[in-house]
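Participant: This is work-v6.txt (compact mmCIF, C-alpha atoms and all ligand atoms).
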# COMPACT_ATOMS: atom_id res chain seq x y z
CA ALA Y 7 -10.08 -4.08 -45.89
CA CYS Y 8 -8.05 -6.82 -44.27
CA LYS Y 9 -8.92 -10.19 -45.76
CA HIS Y 10 -6.36 -12.33 -43.93
CA LYS Y 11 -4.81 -13.51 -47.19
CA GLY Y 12 -1.27 -12.26 -47.59
CA GLY Y 13 1.36 -12.33 -44.89
CA ASP Y 14 1.81 -8.56 -45.17
CA CYS Y 15 -1.65 -7.84 -43.85
CA ILE Y 16 -1.73 -6.11 -40.47
CA SER Y 17 -5.02 -5.11 -38.93
CA PHE Y 18 -5.64 -1.56 -37.82
CA PHE Y 19 -5.81 -2.73 -34.22
CA ASP Y 20 -2.40 -4.39 -34.34
CA GLN Y 21 -0.88 -1.32 -35.93
CA GLU Y 22 -2.25 0.94 -33.20
CA LEU Y 23 -1.03 -1.40 -30.54
CA GLY Y 24 2.34 -1.68 -32.21
CA ILE Y 25 2.77 2.08 -32.28
CA ARG Y 26 1.82 2.34 -28.63
CA VAL Y 27 4.19 -0.41 -27.57
CA ASN Y 28 6.98 1.16 -29.61
CA ARG Y 29 6.45 4.58 -28.12
CA ARG Y 30 6.43 3.09 -24.65
CA ASN Y 31 9.62 1.13 -25.28
CA GLN Y 32 11.32 4.18 -26.71
CA MET Y 33 10.26 6.25 -23.70
CA LEU Y 34 11.48 3.54 -21.32
CA LYS Y 35 14.87 3.41 -23.05
CA ASN Y 36 15.06 7.20 -22.89
CA MET Y 37 14.12 7.22 -19.22
CA ARG Y 38 16.76 4.67 -18.24
CA LEU Y 39 19.46 6.64 -20.01
CA ALA Y 40 18.08 9.90 -18.65
CA PHE Y 41 18.26 8.57 -15.13
CA ARG Y 42 21.87 7.48 -15.57
CA THR Y 43 22.86 10.86 -16.94
CA GLY Y 44 21.21 12.79 -14.14
CA GLU Y 45 18.24 14.24 -16.01
CA PHE Y 46 15.89 13.35 -13.16
CA THR Y 47 15.83 15.54 -10.07
CA VAL Y 48 13.55 15.93 -7.09
CA HIS Y 49 11.96 19.29 -6.39
CA TYR Y 50 10.03 20.23 -3.29
CA GLN Y 51 6.89 22.28 -2.77
CA PRO Y 52 6.37 23.88 0.65
CA ILE Y 53 3.19 23.11 2.58
CA ILE Y 54 2.04 25.98 4.79
CA ASP Y 55 0.53 25.79 8.27
CA ALA Y 56 -2.75 27.68 7.89
CA ASN Y 57 -2.62 28.91 11.49
CA THR Y 58 0.82 30.45 11.39
CA ASP Y 59 1.63 30.90 7.67
CA ARG Y 60 4.93 29.12 8.37
CA VAL Y 61 6.37 26.25 6.38
CA LYS Y 62 5.24 22.99 7.95
CA GLY Y 63 5.99 20.37 5.33
CA TYR Y 64 7.21 19.68 1.83
CA GLU Y 65 6.07 17.50 -1.02
CA ALA Y 66 8.77 15.79 -3.06
CA LEU Y 67 7.98 15.92 -6.79
CA LEU Y 68 9.96 14.22 -9.53
CA ARG Y 69 11.24 16.38 -12.36
CA TRP Y 70 12.63 15.35 -15.74
CA THR Y 71 14.56 17.95 -17.70
CA THR Y 72 16.22 16.67 -20.88
CA ARG Y 73 19.63 17.82 -22.03
CA LYS Y 74 17.86 20.02 -24.56
CA GLY Y 75 16.14 21.75 -21.66
CA GLU Y 76 12.74 20.27 -22.37
CA THR Y 77 10.69 19.43 -19.28
CA ILE Y 78 8.45 16.39 -19.28
CA SER Y 79 5.57 16.23 -16.83
CA PRO Y 80 5.39 13.45 -14.22
CA ALA Y 81 1.78 13.04 -15.30
CA GLU Y 82 3.25 11.72 -18.56
CA PHE Y 83 6.23 9.67 -17.41
CA VAL Y 84 5.12 8.28 -14.02
CA PRO Y 85 2.43 6.06 -15.60
CA ILE Y 86 5.07 4.60 -17.94
CA MET Y 87 7.39 3.99 -15.01
CA GLU Y 88 4.51 2.21 -13.29
CA GLU Y 89 3.68 0.11 -16.35
CA THR Y 90 7.26 -1.00 -16.79
CA GLY Y 91 8.16 -1.50 -13.14
CA MET Y 92 10.83 1.22 -13.29
CA ILE Y 93 8.90 3.01 -10.53
CA HIS Y 94 10.37 0.60 -7.98
CA MET Y 95 13.90 1.83 -8.63
CA ILE Y 96 12.99 5.50 -9.14
CA GLY Y 97 10.59 5.47 -6.21
CA ALA Y 98 13.30 4.15 -3.90
CA TRP Y 99 15.65 6.83 -5.20
CA VAL Y 100 13.07 9.60 -4.57
CA ILE Y 101 12.61 8.51 -0.94
CA GLN Y 102 16.36 8.49 -0.45
CA GLN Y 103 16.83 11.94 -1.99
CA ALA Y 104 13.89 13.33 -0.04
CA GLY Y 105 15.23 11.94 3.26
CA ARG Y 106 18.70 13.29 2.58
CA ASP Y 107 17.42 16.72 1.56
CA PHE Y 108 15.09 16.89 4.56
CA ASN Y 109 18.13 16.29 6.73
CA GLN Y 110 19.92 19.17 4.96
CA LEU Y 111 17.00 21.47 5.70
CA ARG Y 112 17.08 20.44 9.31
CA ARG Y 113 20.80 21.00 9.62
CA ALA Y 114 20.40 24.48 8.19
CA GLY Y 115 18.10 25.22 11.13
CA ALA Y 116 15.30 25.91 8.72
CA LEU Y 117 12.66 23.65 10.18
CA ASP Y 118 10.02 23.92 12.87
CA GLN Y 119 9.35 20.93 15.08
CA HIS Y 120 7.10 18.25 13.67
CA CYS Y 121 7.85 19.24 10.10
CA TRP Y 122 7.55 16.60 7.47
CA MET Y 123 8.54 15.48 4.02
CA SER Y 124 5.79 13.96 1.88
CA VAL Y 125 6.65 11.44 -0.81
CA ASN Y 126 4.26 10.17 -3.48
CA ILE Y 127 4.00 6.40 -3.55
CA SER Y 128 2.65 4.37 -6.45
CA PRO Y 129 0.28 1.50 -5.73
CA MET Y 130 2.85 -1.00 -7.03
CA GLN Y 131 5.40 0.07 -4.44
CA LEU Y 132 3.02 -1.00 -1.69
CA GLN Y 133 3.07 -4.50 -3.18
CA ASP Y 134 6.85 -4.68 -2.89
CA PRO Y 135 7.92 -6.82 0.12
CA GLY Y 136 11.08 -4.73 0.55
CA PHE Y 137 9.32 -1.38 0.67
CA VAL Y 138 8.83 -0.94 4.42
CA ASN Y 139 12.48 -1.78 5.08
CA ARG Y 140 13.61 0.70 2.48
CA VAL Y 141 11.68 3.48 4.22
CA ALA Y 142 13.00 2.38 7.63
CA ASN Y 143 16.57 2.43 6.29
CA VAL Y 144 16.27 5.99 4.99
CA VAL Y 145 14.84 7.10 8.34
CA ALA Y 146 17.74 5.44 10.17
CA GLU Y 147 20.47 6.64 7.79
CA GLN Y 148 19.35 10.25 8.01
CA LYS Y 149 18.55 9.99 11.73
CA LEU Y 150 14.99 11.17 11.13
CA LEU Y 151 11.90 10.47 13.17
CA PRO Y 152 9.54 8.20 11.22
CA GLY Y 153 6.88 10.89 11.67
CA ASN Y 154 9.03 13.18 9.52
CA ILE Y 155 8.03 11.03 6.57
CA HIS Y 156 4.53 11.24 5.13
CA LEU Y 157 3.64 8.82 2.38
CA GLU Y 158 1.05 10.02 -0.13
CA ILE Y 159 -1.08 7.28 -1.53
CA THR Y 160 -4.02 7.47 -3.89
CA GLU Y 161 -7.33 5.74 -3.67
CA SER Y 162 -6.36 3.51 -6.55
CA SER Y 163 -3.72 1.92 -4.29
CA LEU Y 164 -6.46 0.91 -1.96
CA ILE Y 165 -9.22 0.09 -4.32
CA GLU Y 166 -8.25 -3.55 -4.46
CA LYS Y 167 -7.36 -3.52 -0.80
CA THR Y 168 -5.29 -6.61 -1.17
CA GLN Y 169 -4.24 -8.15 2.07
CA PHE Y 170 -0.64 -7.40 1.29
CA THR Y 171 -1.23 -3.70 0.62
CA MET Y 172 -3.14 -3.39 3.88
CA GLN Y 173 -0.31 -5.17 5.71
CA THR Y 174 2.23 -2.79 4.20
CA LEU Y 175 0.20 0.23 5.25
CA GLY Y 176 -0.13 -1.22 8.75
CA ALA Y 177 3.61 -1.81 8.95
CA LEU Y 178 4.36 1.75 7.79
CA ARG Y 179 2.05 3.14 10.42
CA SER Y 180 3.54 0.92 13.11
CA LEU Y 181 6.91 2.25 12.10
CA GLY Y 182 5.54 5.73 12.82
CA CYS Y 183 5.20 7.12 9.30
CA HIS Y 184 2.13 9.16 8.44
CA LEU Y 185 -0.12 8.25 5.57
CA SER Y 186 -1.94 10.83 3.45
CA LEU Y 187 -4.69 10.19 0.96
CA ASP Y 188 -3.73 12.16 -2.16
CA ASP Y 189 -6.16 13.55 -4.72
CA PHE Y 190 -9.10 13.22 -2.34
CA GLY Y 191 -12.38 13.76 -4.14
CA VAL Y 192 -11.43 12.52 -7.59
CA GLY Y 193 -11.22 8.84 -6.67
CA TYR Y 194 -13.86 6.23 -6.16
CA SER Y 195 -14.37 6.24 -2.39
CA SER Y 196 -17.72 5.40 -1.09
CA MET Y 197 -18.37 6.96 2.28
CA ASN Y 198 -18.31 3.53 3.82
CA TYR Y 199 -14.92 2.80 2.45
CA LEU Y 200 -13.46 6.13 3.52
CA LYS Y 201 -14.16 5.39 7.15
CA GLU Y 202 -11.84 2.38 7.05
CA LEU Y 203 -8.92 4.07 5.32
CA PRO Y 204 -5.81 3.89 7.48
CA VAL Y 205 -4.72 7.46 6.73
CA ASP Y 206 -3.96 10.43 8.97
CA THR Y 207 -4.47 13.21 6.42
CA LEU Y 208 -6.66 13.91 3.42
CA LYS Y 209 -5.29 16.04 0.60
CA ILE Y 210 -8.11 17.78 -1.24
CA ASP Y 211 -7.42 17.54 -4.95
CA GLN Y 212 -6.33 20.75 -6.59
CA SER Y 213 -9.23 20.64 -9.05
CA PHE Y 214 -11.57 21.71 -6.21
CA VAL Y 215 -9.35 24.57 -5.09
CA ARG Y 216 -7.59 26.01 -8.15
CA SER Y 217 -10.79 27.39 -9.64
CA PHE Y 218 -11.89 28.92 -6.34
CA ASN Y 219 -12.40 32.43 -7.70
CA ASP Y 220 -14.86 31.10 -10.28
CA ALA Y 221 -16.60 28.81 -7.81
CA ASN Y 222 -20.38 28.87 -7.52
CA GLU Y 223 -22.47 27.95 -4.48
CA SER Y 224 -22.37 24.22 -5.25
CA ASP Y 225 -18.59 24.22 -5.63
CA LEU Y 226 -18.28 25.91 -2.24
CA ALA Y 227 -20.73 23.49 -0.68
CA ILE Y 228 -18.65 20.56 -1.89
CA LEU Y 229 -15.42 22.08 -0.58
CA ARG Y 230 -17.00 22.76 2.81
CA ALA Y 231 -18.40 19.24 2.96
CA MET Y 232 -15.05 17.66 2.13
CA ILE Y 233 -13.32 19.56 4.93
CA SER Y 234 -15.95 18.69 7.53
CA LEU Y 235 -16.04 15.08 6.42
CA ALA Y 236 -12.29 14.84 6.95
CA HIS Y 237 -12.50 16.52 10.35
CA ASN Y 238 -15.41 14.36 11.46
CA LEU Y 239 -13.32 11.32 10.62
CA GLY Y 240 -10.51 12.74 12.76
CA LYS Y 241 -8.21 13.54 9.86
CA ALA Y 242 -6.22 16.67 9.09
CA VAL Y 243 -6.73 18.44 5.76
CA VAL Y 244 -4.20 19.69 3.23
CA ALA Y 245 -5.69 21.78 0.40
CA GLU Y 246 -3.71 21.55 -2.83
CA GLY Y 247 -3.81 24.07 -5.66
CA VAL Y 248 -4.18 27.21 -3.50
CA GLU Y 249 -3.57 29.95 -6.04
CA THR Y 250 -5.41 32.98 -4.65
CA ILE Y 251 -5.74 34.89 -1.39
CA GLU Y 252 -9.50 34.38 -1.60
CA ALA Y 253 -9.08 30.61 -1.64
CA ALA Y 254 -6.62 30.73 1.26
CA THR Y 255 -8.94 32.95 3.31
CA PHE Y 256 -11.91 30.64 2.73
CA LEU Y 257 -9.92 27.52 3.61
CA LYS Y 258 -8.57 29.12 6.78
CA GLN Y 259 -12.11 30.07 7.82
CA LYS Y 260 -13.13 26.46 7.36
CA ARG Y 261 -10.26 25.34 9.60
CA CYS Y 262 -8.34 23.55 6.89
CA GLU Y 263 -4.99 22.84 8.61
CA TYR Y 264 -2.51 23.08 5.73
CA LEU Y 265 -2.29 24.94 2.43
CA GLN Y 266 -0.21 24.07 -0.62
CA GLY Y 267 -0.18 25.99 -3.87
CA PHE Y 268 1.36 28.55 -6.17
CA LEU Y 269 0.09 31.40 -3.95
CA TYR Y 270 2.81 30.38 -1.51
CA ALA Y 271 5.40 28.60 -3.60
CA LYS Y 272 5.98 26.43 -6.63
CA PRO Y 273 8.01 23.23 -6.39
CA MET Y 274 11.72 24.17 -6.25
CA ALA Y 275 15.23 22.80 -5.93
CA LEU Y 276 16.83 22.32 -2.51
CA GLN Y 277 18.88 25.53 -2.44
CA GLN Y 278 15.91 27.74 -3.26
CA LEU Y 279 13.84 25.76 -0.80
CA LEU Y 280 16.31 26.52 1.98
CA ASP Y 281 16.13 30.23 1.19
CA PHE Y 282 12.35 30.18 0.97
CA THR Y 283 11.97 28.36 4.28
CA LEU Y 284 14.41 30.58 6.15
CA LYS Y 285 12.82 33.73 4.76
CA THR Y 286 9.24 32.66 5.40
CA ASN Y 287 9.80 31.37 8.92
CA GLN Y 288 12.04 34.24 9.96
CA VAL Y 289 9.61 36.97 8.95
CA LYS Y 290 6.76 35.23 10.74
CA CYS Y 291 8.86 34.89 13.90
CA GLY Y 292 9.30 38.65 14.07
P1 LIG P 301 0.21 15.23 -6.82
O1 LIG P 301 0.84 14.25 -5.92
O2 LIG P 301 -1.21 15.52 -6.60
O3 LIG P 301 1.10 16.56 -6.71
C1 LIG P 301 0.62 17.87 -6.73
C2 LIG P 301 0.71 18.46 -8.10
O4 LIG P 301 0.04 19.71 -8.11
C3 LIG P 301 2.16 18.78 -8.56
O5 LIG P 301 2.21 18.58 -9.97
C4 LIG P 301 2.27 20.27 -8.21
O6 LIG P 301 3.26 20.94 -8.95
C5 LIG P 301 0.88 20.73 -8.57
N1 LIG P 301 0.48 21.97 -7.90
C6 LIG P 301 0.68 22.31 -6.61
N2 LIG P 301 0.13 23.52 -6.33
C7 LIG P 301 -0.43 23.96 -7.46
C8 LIG P 301 -1.17 25.16 -7.81
O7 LIG P 301 -1.40 26.06 -7.00
N3 LIG P 301 -1.60 25.26 -9.09
C9 LIG P 301 -1.37 24.28 -10.02
N4 LIG P 301 -1.82 24.49 -11.25
N5 LIG P 301 -0.70 23.14 -9.72
C10 LIG P 301 -0.24 22.97 -8.46
P2 LIG P 301 3.39 17.77 -10.68
O8 LIG P 301 4.68 18.06 -9.99
O9 LIG P 301 3.28 18.02 -12.14
O10 LIG P 301 3.03 16.26 -10.39
C11 LIG P 301 1.93 15.63 -10.95
C12 LIG P 301 1.68 14.27 -10.33
O11 LIG P 301 2.74 13.35 -10.67
C13 LIG P 301 1.64 14.28 -8.81
O12 LIG P 301 0.38 14.75 -8.37
C14 LIG P 301 1.92 12.83 -8.50
O13 LIG P 301 0.73 12.07 -8.59
C15 LIG P 301 2.86 12.42 -9.63
N6 LIG P 301 4.24 12.41 -9.10
C16 LIG P 301 5.14 13.41 -8.99
N7 LIG P 301 6.29 12.97 -8.42
C17 LIG P 301 6.11 11.66 -8.13
C18 LIG P 301 6.93 10.63 -7.52
O14 LIG P 301 8.07 10.85 -7.06
N8 LIG P 301 6.37 9.39 -7.42
C19 LIG P 301 5.10 9.10 -7.86
N9 LIG P 301 4.63 7.88 -7.73
N10 LIG P 301 4.30 10.04 -8.43
C20 LIG P 301 4.82 11.30 -8.56
MG MG P 302 1.00 14.13 -3.95
MG MG P 303 -0.08 11.84 -6.10
MG MG P 304 -2.67 15.56 -5.28
Just give me the structure of the file as structure tokens.

Facilitator:
Amino acid sequence: ACKHKGGDCISFFDQELGIRVNRRNQMLKNMRLAFRTGEFTVHYQPIIDANTDRVKGYEALLRWTTRKGETISPAEFVPIMEETGMIHMIGAWVIQQAGRDFNQLRRAGALDQHCWMSVNISPMQLQDPGFVNRVANVVAEQKLLPGNIHLEITESSLIEKTQFTMQTLGALRSLGCHLSLDDFGVGYSSMNYLKELPVDTLKIDQSFVRSFNDANESDLAILRAMISLAHNLGKAVVAEGVETIEAATFLKQKRCEYLQGFLYAKPMALQQLLDFTLKTNQVKCG
């Protein structure tokens, strides 16, 4: 079709690319404005101690609700923030909000000892020379213990294992922060590689847990193996996507330490989170 004659000839490939770039630029412009006008918020999902059924931690999750009330999934906008570098600014903001809100929870007397706030970190943030200081500043400003902050990283952050990324992870650990490997099981880890990961906790991806009630013998075998692998490596396990009592019962039997999922609570705003935590921990106290 395209004969490279006239100046008005655009190949199909260029057109596709052009549309993609346009959509991305439009989205980026929207996101910047949305951030300035307060359309982004941070919600928190409780993480339950499997031994006590009490709230032990929280995961901070970004939310985007437009003025028209439309919600856009982080699965859609986080990759664009990463592509455009906006994740550096937003990521720093999320850590700050999460630290501040964790402090609020503490001041309300809602927390057990050794509770934590987990924050998702993009691979790019680990390449940022200012990142460790930013975390340390939030800890200091809110008078937290570094161990109150868990940083969730994915295998893709580590796949290149650049010297700088490994240094950053080392510095975060020296500071006293905990590191969790998010989405465990859907990445690329070889067993060999897993043994060297500088993480304290493995979070089993929700895809292994959500469908528990339809699981067959092989699915269960995989779930069991993932939990024992983590334990044999000396790491604690958080199961994500716990939606049924059956799943929770199985995971407790297998000594999975922490449970996170809609069976217990969905991600929620700070005020609801306070109520949920007080209610859950009070009842269990007796
Ligand atoms: P993730 O870190 O694996 O977070 C867990 C996701 O599972 C959340 O989705 C949560 O709402 C969902 N979830 C938890 N329990 C259940 C359950 O029982 N059933 C079902 N169906 N889903 C459950 P969400 O909030 O849509 O976030 C998606 C992903 O976006 C996150 O996956 C994370 O990778 C990314 N993300 C969210 N907030 C941030 C952020 O502040 N920074 C970065 N870098 N990534 C973020
Ligand atoms: Mg996460
Ligand atoms: Mg994640
Ligand atoms: Mg996950």

Participant: State, in Å with one decimal place, the distance from CA of Met123 in chain Y to CA of Ala81 in chain Y.

Facilitator: 20.6 Å

Participant: Throw together the list of residues within 10 Å of ligand MG 303 (chain P), counting only C-alpha atoms and all ligand atoms, and drop it here as a ChimeraX atom specification.

Facilitator: /Y:65,67,80-81,125-128,157-161,186-190,209,211

Participant: Could you save those same residues with C-alpha atoms as a short mmCIF file (atom, residue, chain, number, x, y, z; two decimals), in the frame of the given file?

Facilitator:
data_model
loop_
_atom_site.label_atom_id
_atom_site.label_comp_id
_atom_site.auth_asym_id
_atom_site.auth_seq_id
_atom_site.Cartn_x
_atom_site.Cartn_y
_atom_site.Cartn_z
CA GLU Y 65 6.07 17.50 -1.02
CA LEU Y 67 7.98 15.92 -6.79
CA PRO Y 80 5.39 13.45 -14.22
CA ALA Y 81 1.78 13.04 -15.30
CA VAL Y 125 6.65 11.44 -0.81
CA ASN Y 126 4.26 10.17 -3.48
CA ILE Y 127 4.00 6.40 -3.55
CA SER Y 128 2.65 4.37 -6.45
CA LEU Y 157 3.64 8.82 2.38
CA GLU Y 158 1.05 10.02 -0.13
CA ILE Y 159 -1.08 7.28 -1.53
CA THR Y 160 -4.02 7.47 -3.89
CA GLU Y 161 -7.33 5.74 -3.67
CA SER Y 186 -1.94 10.83 3.45
CA LEU Y 187 -4.69 10.19 0.96
CA ASP Y 188 -3.73 12.16 -2.16
CA ASP Y 189 -6.16 13.55 -4.72
CA PHE Y 190 -9.10 13.22 -2.34
CA LYS Y 209 -5.29 16.04 0.60
CA ASP Y 211 -7.42 17.54 -4.95
#

Participant: Nearest residue to Glu249 in chain Y out of Y:Ile155, Y:Val215, Y:Ala98, Y:Ile228, using all atoms listed in the file?

Facilitator: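 Using all atoms listed in the file, the shortest distance to Glu249 in chain Y belongs to Y:Val215.
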
Participant: Could you check the closest approach to ligand MG 302 (chain P) for each of Y:Ala254, Y:Leu185, Y:Met37, Y:Ala116 and tell me which residue wins, using all atoms listed in the file?

Facilitator: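 Of all the options, Y:Leu185 lies closest to ligand MG 302 (chain P).
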
Participant: Find the residues around Gly153 in chain Y up to 9 Å (only C-alpha atoms counted), leave out those fewer than 6 positions away in its own chain, and share them as a PyMOL selection string.

Facilitator: chain Y and resi 120-122+181-184

Participant: Find, counting all atoms listed in the file, the residue in Y:Val27, Y:Ala146, Y:Leu68, Y:Met130 that gets nearest to Gly91 in chain Y.

Facilitator: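 With all atoms listed in the file as the atom set, the closest residue is Y:Met130.
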
Participant: Calculated over only C-alpha atoms and all ligand atoms, which of the candidates Y:Ser217, Y:Gln266, Y:Thr255, Y:Gln103 has the smallest distance to ligand MG 304 (chain P)?

Facilitator: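 Among the listed residues, Y:Gln266 lies closest to ligand MG 304 (chain P).
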
Participant: For Leu34 in chain Y, find every residue with an atom within 9 Å (counting all atoms listed in the file), except residues of its own chain fewer than 6 positions away, and show them as a list of chain:residue names.

Facilitator: Y:Phe83, Y:Ile86, Y:Met87, Y:Thr90, Y:Met92

Participant: Do you know which residues are at most 10 Å from Asp134 in chain Y counting all atoms listed in the file, after dropping those on the same chain fewer than 4 positions away, and could you put them as number ranges by chain?

Facilitator: Y: 94, 129-130, 138, 170-171, 174

Participant: Y:Val61, Y:Ile101, Y:Ile251, Y:Leu229: which is nearest Glu147 in chain Y, counting only C-alpha atoms?

Facilitator: Y:Ile101

Participant: Of the candidates Y:Leu257, Y:Ala275, Y:Tyr199, Y:Ala66, which shows the shortest atom-to-atom distance to ligand MG 304 (chain P), using all atoms listed in the file?

Facilitator: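 Distance minimum relative to ligand MG 304 (chain P) lands on Y:Ala66.
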
Participant: I want to know what sits within 10 Å of Asn139 in chain Y, based on all atoms listed in the file, with residues of the same chain fewer than 3 positions away left out; could you give that as a VMD selection string?

Facilitator: chain Y and resid 135 to 136 142 to 145 177 to 178 181

Participant: Env of Gly75 in chain Y: 12 Å cut, atoms = all atoms listed in the file, seq-sep filter 5 positions within chain, self excluded. Answer as a list in words.

Facilitator: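 Contacts, with the query itself left out: Glu45, Phe46, Arg69 and Trp70 of chain Y.
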
Participant: Given 8 Å of margin on each side, can you work out the centre and size in Å (one decimal) of an axis-aligned box holding every listed atom of range 27-31 of chain Y, as lines of an AutoDock Vina configuration file?

Facilitator:
center_x = 6.9
center_y = 2.1
center_z = -27.1
size_x = 21.4
size_y = 21.0
size_z = 21.0

Participant: Have a look at CA of Thr58 in chain Y and CA of Arg216 in chain Y and let me know their distance in Å, one decimal.

Facilitator: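 Separation of CA of Thr58 in chain Y and CA of Arg216 in chain Y: 21.7 Å.
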
Participant: To one decimal place, how far is CA of Arg30 in chain Y from CA of Ser79 in chain Y in Å?

Facilitator: 15.3 Å

Participant: Taking (10.8, 33.3, 4.6) in the file's coordinates as the center, which residues reach within 12 Å of it, counting all atoms listed in the file, put as a list in words?

Facilitator: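 Residues satisfying the cut-off, written out: Pro52, Ile54, Asp59, Arg60, Val61, Ala116, Leu117, Tyr270, Ala271, Gln278, Leu279, Leu280, Asp281, Phe282, Thr283, Leu284, Lys285, Thr286, Asn287, Gln288, Val289, Lys290, Cys291 and Gly292 of chain Y.
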